[in-house]
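**Q** Contents of run.csv (CSV, C-alpha atoms and all ligand atoms) are given next:
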chain,number,residue,atom,x,y,z
A,22,MET,CA,-11.4,-6.6,36.7
A,23,SER,CA,-9.3,-9.7,36.3
A,24,LEU,CA,-6.3,-9.8,33.9
A,25,THR,CA,-4.6,-12.4,31.8
A,26,LEU,CA,-0.9,-12.9,32.4
A,27,ARG,CA,-0.4,-11.4,29.0
A,28,GLU,CA,-2.3,-8.2,30.0
A,29,ALA,CA,-0.5,-8.0,33.3
A,30,VAL,CA,3.0,-8.2,31.8
A,31,GLU,CA,1.9,-5.6,29.2
A,32,GLN,CA,1.0,-3.2,32.0
A,33,LEU,CA,4.0,-4.1,34.2
A,34,PRO,CA,6.6,-1.2,34.1
A,35,LYS,CA,9.6,-2.5,32.2
A,36,VAL,CA,13.2,-1.5,31.3
A,37,GLU,CA,14.7,-1.9,27.8
A,38,LEU,CA,18.4,-2.0,27.3
A,39,HIS,CA,18.6,-3.3,23.7
A,40,CYS,CA,16.6,-1.3,21.3
A,41,HIS,CA,17.9,0.6,18.2
A,42,VAL,CA,16.1,3.9,17.9
A,43,GLU,CA,16.2,3.5,14.1
A,44,GLY,CA,14.5,0.1,14.5
A,45,THR,CA,11.6,1.8,16.1
A,46,MET,CA,10.7,3.9,13.1
A,47,ARG,CA,7.0,3.7,12.3
A,48,PRO,CA,6.4,2.4,8.8
A,49,ALA,CA,4.5,5.6,8.0
A,50,THR,CA,7.4,7.7,9.2
A,51,VAL,CA,9.8,5.8,7.0
A,52,VAL,CA,7.7,6.5,4.0
A,53,GLU,CA,7.2,10.2,4.9
A,54,LEU,CA,10.9,10.9,5.7
A,55,ALA,CA,12.0,9.0,2.5
A,56,ALA,CA,9.8,11.2,0.4
A,57,ARG,CA,11.0,14.4,2.1
A,58,ASN,CA,14.7,13.5,1.9
A,59,GLY,CA,14.6,12.0,-1.6
A,60,ILE,CA,15.4,8.5,-0.6
A,61,ALA,CA,14.0,5.9,-3.1
A,62,LEU,CA,12.2,3.0,-1.4
A,63,PRO,CA,11.8,-0.2,-3.3
A,64,THR,CA,8.1,-0.1,-2.3
A,65,THR,CA,5.9,2.1,-0.2
A,66,ASP,CA,4.1,-0.9,1.1
A,67,VAL,CA,6.2,-1.3,4.2
A,68,THR,CA,5.0,-4.8,4.9
A,69,GLU,CA,6.8,-5.6,1.7
A,70,LEU,CA,9.8,-3.6,2.7
A,71,TYR,CA,10.4,-5.6,5.9
A,72,ARG,CA,11.3,-8.9,4.5
A,73,TYR,CA,14.6,-10.7,5.2
A,74,GLY,CA,16.0,-14.1,5.6
A,75,SER,CA,19.1,-13.5,7.6
A,76,LEU,CA,20.8,-10.9,9.8
A,77,ASP,CA,22.8,-9.4,6.9
A,78,GLU,CA,19.6,-9.2,4.8
A,79,PHE,CA,17.9,-7.5,7.7
A,80,LEU,CA,20.8,-5.1,8.0
A,81,SER,CA,20.4,-3.9,4.5
A,82,ILE,CA,16.8,-2.9,5.3
A,83,PHE,CA,17.9,-1.3,8.6
A,84,TRP,CA,20.5,0.8,6.6
A,85,LEU,CA,17.8,1.9,4.2
A,86,VAL,CA,15.6,3.0,7.1
A,87,GLN,CA,18.6,4.8,8.6
A,88,SER,CA,19.2,6.7,5.4
A,89,THR,CA,15.8,8.4,5.6
A,90,LEU,CA,17.0,10.5,8.6
A,91,GLY,CA,18.3,13.7,7.0
A,92,SER,CA,18.0,16.4,9.6
A,93,ARG,CA,18.0,17.3,13.3
A,94,ASP,CA,14.2,17.4,13.2
A,95,ASP,CA,14.0,13.9,11.7
A,96,TRP,CA,16.1,12.5,14.6
A,97,ALA,CA,13.9,14.4,17.1
A,98,ARG,CA,10.7,12.9,15.5
A,99,LEU,CA,12.2,9.4,15.6
A,100,ALA,CA,13.2,9.7,19.2
A,101,TYR,CA,9.9,11.1,20.2
A,102,GLU,CA,7.9,8.4,18.5
A,103,SER,CA,10.2,5.7,19.9
A,104,VAL,CA,9.5,6.7,23.5
A,105,VAL,CA,5.8,7.2,23.0
A,106,ASP,CA,5.4,3.8,21.3
A,107,GLY,CA,7.5,2.1,24.0
A,108,ALA,CA,5.5,3.7,26.8
A,109,ALA,CA,2.3,2.4,25.2
A,110,HIS,CA,3.5,-1.1,26.2
A,111,GLY,CA,4.7,-0.4,29.7
A,112,ARG,CA,8.3,0.7,28.9
A,113,VAL,CA,9.3,3.2,31.6
A,114,TYR,CA,13.0,3.4,31.1
A,115,ALA,CA,15.3,2.7,28.1
A,116,GLU,CA,19.0,2.9,27.2
A,117,THR,CA,18.6,3.2,23.4
A,118,PHE,CA,21.2,2.7,20.6
A,119,PHE,CA,21.8,5.0,17.8
A,120,THR,CA,24.3,4.2,15.1
A,121,PRO,CA,25.3,7.3,13.2
A,122,ALA,CA,28.2,6.0,11.0
A,123,ARG,CA,26.4,6.3,7.6
A,124,HIS,CA,25.0,9.7,8.5
A,125,LEU,CA,28.5,11.0,9.6
A,126,ALA,CA,30.0,9.6,6.4
A,127,ALA,CA,27.3,11.5,4.4
A,128,GLY,CA,28.2,14.7,6.1
A,129,GLN,CA,25.7,15.1,9.0
A,130,ARG,CA,27.1,16.5,12.2
A,131,LEU,CA,27.1,14.4,15.3
A,132,GLY,CA,26.1,17.4,17.3
A,133,ASP,CA,22.9,17.8,15.3
A,134,ILE,CA,22.1,14.1,15.6
A,135,VAL,CA,22.6,14.1,19.4
A,136,ALA,CA,20.7,17.4,19.8
A,137,GLY,CA,17.8,16.1,17.7
A,138,LEU,CA,17.6,12.8,19.6
A,139,ALA,CA,17.7,14.6,22.9
A,140,ASP,CA,15.0,17.1,21.8
A,141,GLY,CA,12.7,14.2,20.9
A,142,LEU,CA,13.4,12.2,24.0
A,143,ALA,CA,12.7,15.2,26.3
A,144,ALA,CA,9.4,16.0,24.5
A,145,ALA,CA,8.2,12.4,24.9
A,146,GLU,CA,9.4,12.2,28.5
A,147,ALA,CA,7.3,15.2,29.3
A,148,GLU,CA,4.3,13.6,27.7
A,149,THR,CA,4.6,10.0,29.0
A,150,GLY,CA,6.8,10.1,32.1
A,151,ALA,CA,8.9,7.3,30.5
A,152,ARG,CA,12.6,8.1,30.4
A,153,ALA,CA,15.3,7.3,27.8
A,154,LEU,CA,19.1,7.7,27.6
A,155,LEU,CA,21.3,7.0,24.6
A,156,ILE,CA,24.2,4.6,23.7
A,157,ALA,CA,26.2,5.6,20.6
A,158,ASP,CA,27.0,2.4,18.6
A,159,GLN,CA,29.9,2.0,16.3
A,160,ASP,CA,28.9,0.2,13.1
A,161,ARG,CA,31.2,-2.7,12.4
A,162,ALA,CA,30.7,-2.4,8.7
A,163,TYR,CA,32.4,1.0,8.8
A,164,GLY,CA,35.5,-0.3,10.5
A,165,PRO,CA,37.6,0.6,13.5
A,166,ALA,CA,38.8,4.0,12.3
A,167,ALA,CA,35.2,5.2,12.0
A,168,GLY,CA,34.5,3.8,15.4
A,169,ARG,CA,37.4,5.7,16.9
A,170,ASN,CA,36.4,8.9,15.1
A,171,LEU,CA,32.9,8.5,16.6
A,172,VAL,CA,34.3,8.2,20.1
A,173,GLU,CA,36.6,11.2,19.6
A,174,GLN,CA,33.7,13.3,18.4
A,175,LEU,CA,31.6,12.2,21.4
A,176,GLY,CA,34.4,13.4,23.7
A,177,GLU,CA,34.6,16.7,21.9
A,178,LEU,CA,30.9,17.2,22.3
A,179,ARG,CA,31.1,16.5,26.0
A,180,ARG,CA,34.0,18.9,26.5
A,181,ALA,CA,32.0,21.6,24.7
A,182,GLY,CA,28.9,20.9,26.8
A,183,ALA,CA,27.0,20.4,23.5
A,184,PRO,CA,23.2,20.2,23.7
A,185,GLY,CA,21.9,16.8,24.5
A,186,ILE,CA,25.3,15.1,25.0
A,187,GLU,CA,24.5,14.4,28.7
A,188,ARG,CA,22.0,11.8,27.4
A,189,VAL,CA,24.7,9.8,25.7
A,190,ILE,CA,25.9,7.5,28.6
A,191,GLY,CA,27.5,4.7,26.7
A,192,VAL,CA,29.3,3.4,23.6
A,193,GLY,CA,28.5,0.1,21.9
A,194,LEU,CA,29.1,-1.8,18.7
A,195,ASP,CA,26.6,-3.3,16.3
A,196,SER,CA,25.9,-4.4,12.7
A,197,THR,CA,27.3,-7.4,10.9
A,198,GLU,CA,29.4,-9.9,12.9
A,199,LEU,CA,30.5,-12.1,10.0
A,200,GLY,CA,34.2,-11.8,9.3
A,201,VAL,CA,34.8,-9.0,11.8
A,202,ASP,CA,37.2,-9.5,14.7
A,203,PRO,CA,35.8,-7.4,17.6
A,204,ALA,CA,39.3,-6.9,19.0
A,205,SER,CA,39.9,-4.5,16.0
A,206,PHE,CA,37.8,-2.0,17.9
A,207,ALA,CA,40.0,-2.0,21.0
A,208,GLU,CA,41.4,1.5,20.5
A,209,ALA,CA,37.9,3.1,20.3
A,210,TYR,CA,36.8,1.2,23.4
A,211,ALA,CA,39.8,2.2,25.4
A,212,LEU,CA,39.3,5.8,24.4
A,213,ALA,CA,35.6,5.6,25.3
A,214,GLY,CA,36.4,4.0,28.7
A,215,ARG,CA,38.9,6.7,29.5
A,216,ALA,CA,36.3,9.4,28.6
A,217,GLY,CA,33.9,7.9,31.2
A,218,PHE,CA,31.4,6.2,28.8
A,219,ARG,CA,29.8,2.9,29.8
A,220,LEU,CA,30.7,0.1,27.4
A,221,THR,CA,28.6,-2.6,25.7
A,222,GLY,CA,28.7,-4.5,22.5
A,223,HIS,CA,26.6,-6.7,20.2
A,224,GLN,CA,28.2,-10.1,20.0
A,225,GLY,CA,27.2,-13.8,19.7
A,226,GLU,CA,24.1,-13.1,17.5
A,227,ASN,CA,25.8,-15.2,14.8
A,228,SER,CA,29.4,-15.5,16.1
A,229,PRO,CA,30.9,-18.0,18.5
A,230,PRO,CA,31.3,-17.7,22.3
A,231,SER,CA,35.0,-16.9,21.9
A,232,ALA,CA,34.0,-13.6,20.2
A,233,ILE,CA,31.8,-12.8,23.2
A,234,ALA,CA,34.7,-13.3,25.6
A,235,THR,CA,36.8,-11.0,23.4
A,236,VAL,CA,34.2,-8.2,23.8
A,237,VAL,CA,34.4,-8.5,27.6
A,238,ASP,CA,38.1,-9.2,28.0
A,239,VAL,CA,39.7,-7.2,25.2
A,240,LEU,CA,37.1,-4.4,24.7
A,241,GLY,CA,36.2,-4.1,28.4
A,242,ALA,CA,32.4,-4.2,27.7
A,243,GLU,CA,30.3,-4.4,30.8
A,244,ARG,CA,27.3,-5.9,29.0
A,245,ILE,CA,26.8,-8.1,26.0
A,246,ASP,CA,24.0,-7.4,23.5
A,247,HIS,CA,22.4,-10.7,22.4
A,248,GLY,CA,25.1,-13.1,23.6
A,249,LEU,CA,23.1,-15.9,22.1
A,250,SER,CA,26.0,-18.3,21.5
A,251,LEU,CA,27.2,-18.0,25.1
A,252,VAL,CA,25.3,-21.2,25.9
A,253,ASP,CA,27.6,-23.1,23.7
A,254,ASP,CA,30.4,-22.6,26.2
A,255,PRO,CA,29.4,-23.9,29.7
A,256,GLU,CA,32.6,-22.5,31.3
A,257,LEU,CA,31.9,-19.0,30.0
A,258,VAL,CA,28.2,-19.3,31.1
A,259,ARG,CA,29.4,-20.1,34.7
A,260,ARG,CA,31.7,-17.1,34.6
A,261,PHE,CA,29.0,-14.7,33.3
A,262,ALA,CA,26.6,-15.9,35.9
A,263,ALA,CA,29.2,-15.6,38.7
A,264,GLU,CA,30.2,-12.1,37.7
A,265,ARG,CA,26.6,-11.0,36.9
A,266,ILE,CA,27.7,-9.8,33.4
A,267,PRO,CA,24.4,-8.8,31.9
A,268,LEU,CA,23.1,-10.1,28.5
A,269,THR,CA,20.5,-8.0,26.7
A,270,VAL,CA,18.7,-10.9,25.0
A,271,CYS,CA,16.1,-10.4,22.2
A,272,PRO,CA,14.4,-13.8,21.7
A,273,ASN,CA,11.8,-12.7,19.1
A,274,SER,CA,14.4,-10.8,17.2
A,275,ASN,CA,16.6,-13.9,17.1
A,276,ILE,CA,13.7,-15.6,15.4
A,277,ARG,CA,12.6,-12.8,13.1
A,278,ILE,CA,15.9,-11.2,12.2
A,279,ALA,CA,18.7,-13.7,12.7
A,280,ASN,CA,16.5,-16.7,11.8
A,281,ALA,CA,18.4,-18.6,14.5
A,282,PHE,CA,15.3,-20.6,15.6
A,283,ALA,CA,11.9,-21.4,14.2
A,284,THR,CA,10.0,-21.0,17.5
A,285,LEU,CA,10.6,-19.4,20.9
A,286,ALA,CA,10.5,-22.8,22.5
A,287,GLU,CA,13.8,-23.6,20.9
A,288,HIS,CA,15.4,-20.4,22.1
A,289,PRO,CA,18.0,-20.8,24.9
A,290,TYR,CA,16.5,-17.9,27.0
A,291,ALA,CA,15.0,-20.4,29.5
A,292,ARG,CA,18.4,-22.2,29.8
A,293,MET,CA,20.1,-18.8,30.2
A,294,ARG,CA,17.8,-17.9,33.1
A,295,ALA,CA,18.1,-21.4,34.7
A,296,ALA,CA,21.9,-21.1,34.6
A,297,GLY,CA,21.6,-18.0,36.7
A,298,LEU,CA,22.6,-15.5,33.9
A,299,LEU,CA,21.5,-11.9,34.2
A,300,ALA,CA,19.6,-12.3,30.9
A,301,THR,CA,17.3,-9.4,30.3
A,302,LEU,CA,14.5,-9.2,27.8
A,303,ASN,CA,14.4,-6.7,24.9
A,304,THR,CA,12.9,-6.2,21.4
A,305,ASP,CA,16.0,-5.0,19.3
A,306,ASP,CA,14.2,-3.4,16.4
A,307,PRO,CA,10.5,-3.4,17.3
A,308,ALA,CA,8.9,-1.5,14.4
A,309,LEU,CA,10.9,-3.4,11.8
A,310,THR,CA,9.9,-6.7,13.2
A,311,ASP,CA,6.3,-5.9,14.4
A,312,LEU,CA,7.2,-6.4,18.0
A,313,ASP,CA,6.8,-4.5,21.3
A,314,LEU,CA,8.1,-5.1,24.8
A,315,GLY,CA,4.7,-6.2,26.2
A,316,TYR,CA,4.6,-8.9,23.5
A,317,GLU,CA,8.2,-9.9,24.2
A,318,TYR,CA,7.4,-10.5,27.8
A,319,GLY,CA,4.0,-12.2,27.1
A,320,SER,CA,5.3,-14.5,24.4
A,321,VAL,CA,8.4,-15.5,26.4
A,322,ALA,CA,6.2,-16.2,29.5
A,323,ALA,CA,3.9,-18.4,27.3
A,324,ALA,CA,6.7,-20.2,25.6
A,325,PHE,CA,8.5,-21.2,28.8
A,326,GLY,CA,5.6,-21.4,31.2
A,327,TYR,CA,6.9,-18.5,33.3
A,328,SER,CA,4.7,-17.1,36.1
A,329,PHE,CA,4.0,-13.4,36.7
A,330,ASP,CA,6.6,-13.4,39.5
A,331,ASP,CA,9.1,-14.9,37.0
A,332,MET,CA,8.4,-12.0,34.7
A,333,VAL,CA,8.7,-9.4,37.5
A,334,ALA,CA,12.1,-10.9,38.2
A,335,VAL,CA,13.1,-10.4,34.6
A,336,ALA,CA,12.0,-6.7,34.8
A,337,LEU,CA,14.0,-6.2,38.0
A,338,ASP,CA,17.0,-7.8,36.4
A,339,GLY,CA,16.6,-5.1,33.7
A,340,VAL,CA,17.1,-2.5,36.5
A,341,GLU,CA,20.2,-4.3,37.8
A,342,ALA,CA,21.7,-4.4,34.3
A,343,SER,CA,21.0,-0.8,33.6
A,344,TRP,CA,23.5,2.0,34.0
A,345,LEU,CA,21.4,4.1,36.4
A,346,ASP,CA,23.0,5.1,39.6
A,347,ASP,CA,21.9,3.5,42.9
A,348,ASP,CA,19.2,6.0,43.5
A,349,GLY,CA,17.9,5.7,40.0
A,350,LYS,CA,17.8,1.9,40.3
A,351,ALA,CA,16.1,2.0,43.7
A,352,GLY,CA,13.4,4.3,42.3
A,353,LEU,CA,12.8,2.1,39.3
A,354,ARG,CA,12.7,-1.0,41.5
A,355,GLY,CA,10.1,0.7,43.7
A,356,THR,CA,8.0,1.5,40.6
A,357,ILE,CA,8.1,-2.1,39.4
A,358,THR,CA,7.4,-3.8,42.7
A,359,ALA,CA,4.5,-1.4,43.5
A,360,ALA,CA,2.9,-2.1,40.2
A,361,ALA,CA,3.5,-5.8,40.5
A,362,ALA,CA,1.8,-5.9,43.9
A,363,ASP,CA,-1.2,-4.3,42.3
A,364,LEU,CA,-1.3,-6.4,39.1
A,365,GLY,CA,-0.4,-9.8,40.5
A,366,PRO,CA,-3.5,-10.5,42.6
A,367,ARG,CA,-5.7,-9.4,39.7
A,368,ILE,CA,-4.5,-12.1,37.4
A,369,MET,CA,-7.0,-14.9,36.7
A,370,ALA,CA,-6.4,-18.0,38.7
A,371,ASP,CA,-6.0,-20.1,35.5
A,372,ASP,CA,-3.2,-17.8,34.3
A,373,ARG,CA,-1.3,-17.5,37.6
A,374,THR,CA,0.9,-20.5,37.0
L,1,LIG,N1,21.4,-3.2,14.2
L,1,LIG,C1,20.1,-3.2,14.3
L,1,LIG,N2,19.6,-4.4,14.6
L,1,LIG,C2,20.7,-5.2,14.7
L,1,LIG,C3,20.9,-6.5,15.1
L,1,LIG,N3,19.9,-7.3,15.4
L,1,LIG,N4,22.2,-7.0,15.1
L,1,LIG,C4,23.2,-6.2,14.7
L,1,LIG,N5,23.1,-4.9,14.4
L,1,LIG,C5,21.8,-4.4,14.4
L,2,ZN,ZN,20.6,-5.0,18.4
Would you mind writing the structure in this file as structure tokens?
**A**
Amino acid sequence: MSLTLREAVEQLPKVELHCHVEGTMRPATVVELAARNGIALPTTDVTELYRYGSLDEFLSIFWLVQSTLGSRDDWARLAYESVVDGAAHGRVYAETFFTPARHLAAGQRLGDIVAGLADGLAAAEAETGARALLIADQDRAYGPAAGRNLVEQLGELRRAGAPGIERVIGVGLDSTELGVDPASFAEAYALAGRAGFRLTGHQGENSPPSAIATVVDVLGAERIDHGLSLVDDPELVRRFAAERIPLTVCPNSNIRIANAFATLAEHPYARMRAAGLLATLNTDDPALTDLDLGYEYGSVAAAFGYSFDDMVAVALDGVEASWLDDDGKAGLRGTITAAAADLGPRIMADDRT
């Protein structure tokens, strides 16, 4: 049976490196957990809940959703549903953020959060075959001391061999960029690097390219999450391309969350790819923005006139940008290229641009 390009990229095995597990919470789960944990929602019509006109407005909804997570079981359920929902759209591997600052401030234990997430990921992996690892994000809004404390606690859990901690492979930084100097998180990053965690950080979603350079040069990040403003600095673009520093770009999120563009056609993703940047494709907060990774690939292909082979190259760049070891990367590349060899010839001639 012949396929549209949209259907082929939906089925193509894909990697996701920029997805917040809390941002995958199904609307029905938000309502159920809020009721169970006594969190007042402004409305139980979740389509009403998810309305925002800027990144900071979005973040206040994100924080409300986060606050519904009260127990290890809640985290397990969230993680389970996130992998099941991703796999339904061809996501076979993810490095997923969780941002526990407000839960730790409210007295939850990091060990319970990590163990719950790991339980849910393992259950979903057994069911779907899709895999997921974790990146512990510092929340800028809670400041550098909370960030350092998170990294210290991660180190303690590792030393203790705590349940699920082997899933946490990296440390990142997210939340509001306005008025926050990323360099203030240098101590936490240095500590995380010494402890063997991989390093990434959100930057350039609504901050200038100089802040992106700081995250790489001062914090030692190996990847940049979003990196949208990078294109405003051609010299930095050339450097990122030459050094293959990955960007985890989220074009539809930049429209729906950051309100940075009205349409995909205006998004710099195509310019990023044309400049040779290792610009991967991701959803960010799929359930809160009514997105999925298949839609992300399909809509970007349509907006920029990309072919199926172009989209396979994007998927393979996701493997390169991942933190899997060489064997893990080779296995995933094999999965993607084998599936692409099967799907490609089945795409309708009209759609095989
Ligand atoms: N946390 C969840 N989504 C985010 C985004 N788009 N930017 C910064 N922090 C986030
Ligand atoms: Zn993000």
**Q** For the atom pair atom CA of A:Arg112 and atom CA of A:Ala157, what is the interatomic distance in Å to one decimal place?
**A**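 Straight-line distance from atom CA of A:Arg112 to atom CA of A:Ala157 works out to 20.3 Å.
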**Q** Which residue gives the smallest distance to A:Ala361 among A:Leu80, A:Val333, A:Ile190, A:Leu302, with all atoms listed in the file counted?
**A**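 Ranked by minimum distance to A:Ala361, first place goes to A:Val333.
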**Q** Could you tell me how far atom CA of A:Ala263 lies from atom CA of A:Asp246, in Å and to one decimal?
**A**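 Those two atoms sit 18.0 Å apart.
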**Q** Would you mind listing the residues within 7 Å of ligand ZN 2 (chain L), counting only C-alpha atoms and all ligand atoms, as a list in words?
**A**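 My answer, listing the contacting residues, is His39, Cys40, His41, Asp195, His223, Asp246, Asp305 and Asp306 of chain A.
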**Q** Any chance you could tabulate, as JSON lines, the residues of chain A at most 9 Å from ligand LIG 1 (chain L) with each one's nearest atom pair and distance in Å to one decimal, using only C-alpha atoms and all ligand atoms, in chain and rising number order?
**A**
{"residue": "A:Cys40", "atom": "CA", "partner": "L:LIG1", "partner_atom": "N2", "distance": 8.0}
{"residue": "A:His41", "atom": "CA", "partner": "L:LIG1", "partner_atom": "C1", "distance": 5.9}
{"residue": "A:Val42", "atom": "CA", "partner": "L:LIG1", "partner_atom": "C1", "distance": 8.9}
{"residue": "A:Glu43", "atom": "CA", "partner": "L:LIG1", "partner_atom": "C1", "distance": 7.8}
{"residue": "A:Gly44", "atom": "CA", "partner": "L:LIG1", "partner_atom": "C1", "distance": 6.5}
{"residue": "A:Leu76", "atom": "CA", "partner": "L:LIG1", "partner_atom": "N3", "distance": 6.7}
{"residue": "A:Asp77", "atom": "CA", "partner": "L:LIG1", "partner_atom": "C4", "distance": 8.4}
{"residue": "A:Phe79", "atom": "CA", "partner": "L:LIG1", "partner_atom": "N2", "distance": 7.8}
{"residue": "A:Leu80", "atom": "CA", "partner": "L:LIG1", "partner_atom": "N1", "distance": 6.5}
{"residue": "A:Phe83", "atom": "CA", "partner": "L:LIG1", "partner_atom": "C1", "distance": 6.4}
{"residue": "A:Trp84", "atom": "CA", "partner": "L:LIG1", "partner_atom": "N1", "distance": 8.6}
{"residue": "A:Phe118", "atom": "CA", "partner": "L:LIG1", "partner_atom": "C1", "distance": 8.7}
{"residue": "A:Phe119", "atom": "CA", "partner": "L:LIG1", "partner_atom": "N1", "distance": 9.0}
{"residue": "A:Thr120", "atom": "CA", "partner": "L:LIG1", "partner_atom": "N1", "distance": 8.0}
{"residue": "A:Asp160", "atom": "CA", "partner": "L:LIG1", "partner_atom": "N5", "distance": 7.8}
{"residue": "A:Arg161", "atom": "CA", "partner": "L:LIG1", "partner_atom": "N5", "distance": 8.6}
{"residue": "A:Leu194", "atom": "CA", "partner": "L:LIG1", "partner_atom": "N5", "distance": 8.0}
{"residue": "A:Asp195", "atom": "CA", "partner": "L:LIG1", "partner_atom": "N5", "distance": 4.3}
{"residue": "A:Ser196", "atom": "CA", "partner": "L:LIG1", "partner_atom": "N5", "distance": 3.3}
{"residue": "A:Thr197", "atom": "CA", "partner": "L:LIG1", "partner_atom": "C4", "distance": 5.7}
{"residue": "A:Glu198", "atom": "CA", "partner": "L:LIG1", "partner_atom": "C4", "distance": 7.4}
{"residue": "A:His223", "atom": "CA", "partner": "L:LIG1", "partner_atom": "C4", "distance": 6.5}
{"residue": "A:Gln224", "atom": "CA", "partner": "L:LIG1", "partner_atom": "C4", "distance": 8.3}
{"residue": "A:Glu226", "atom": "CA", "partner": "L:LIG1", "partner_atom": "N4", "distance": 6.8}
{"residue": "A:Asn227", "atom": "CA", "partner": "L:LIG1", "partner_atom": "N4", "distance": 9.0}
{"residue": "A:Asp246", "atom": "CA", "partner": "L:LIG1", "partner_atom": "N4", "distance": 8.6}
{"residue": "A:His247", "atom": "CA", "partner": "L:LIG1", "partner_atom": "N3", "distance": 8.2}
{"residue": "A:Cys271", "atom": "CA", "partner": "L:LIG1", "partner_atom": "N3", "distance": 8.4}
{"residue": "A:Ser274", "atom": "CA", "partner": "L:LIG1", "partner_atom": "N3", "distance": 6.8}
{"residue": "A:Asn275", "atom": "CA", "partner": "L:LIG1", "partner_atom": "N3", "distance": 7.6}
{"residue": "A:Ile278", "atom": "CA", "partner": "L:LIG1", "partner_atom": "N3", "distance": 6.4}
{"residue": "A:Ala279", "atom": "CA", "partner": "L:LIG1", "partner_atom": "N3", "distance": 7.0}
{"residue": "A:Asp305", "atom": "CA", "partner": "L:LIG1", "partner_atom": "N2", "distance": 6.0}
{"residue": "A:Asp306", "atom": "CA", "partner": "L:LIG1", "partner_atom": "N2", "distance": 5.8}
**Q** Would you mind telling me which residue in A:Ala232, A:Trp344, A:Ala262, A:Asp95 lies nearest to A:Val192 when using only C-alpha atoms?
**A**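 When distances to A:Val192 are compared using only C-alpha atoms, the smallest one comes from A:Trp344.
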**Q** Hey, which of A:Ala144, A:Ala136, A:Leu314, A:Ile82 ends up closest to A:Ala109? Count only C-alpha atoms.
**A**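 Of the candidates, the smallest distance to A:Ala109 is held by A:Leu314.
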**Q** My list of candidates is A:Gly339, A:Gly241, A:Pro63, A:Pro366. Which is closest to A:Pro267 when distances are computed with only C-alpha atoms?
**A** A:Gly339
**Q** Would you mind listing what lies within 7 Å of stretch 177-186 of chain A as a PyMOL selection string, with all atoms listed in the file counted and same-chain residues fewer than 4 positions away left out?
**A** chain A and resi 132+135-136+139+173
**Q** Pick from A:Gly326, A:Gly319, A:Pro255, A:Gly225: nearest to A:His110, with only C-alpha atoms counted?
**A**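 Distance minimum relative to A:His110 lands on A:Gly319.
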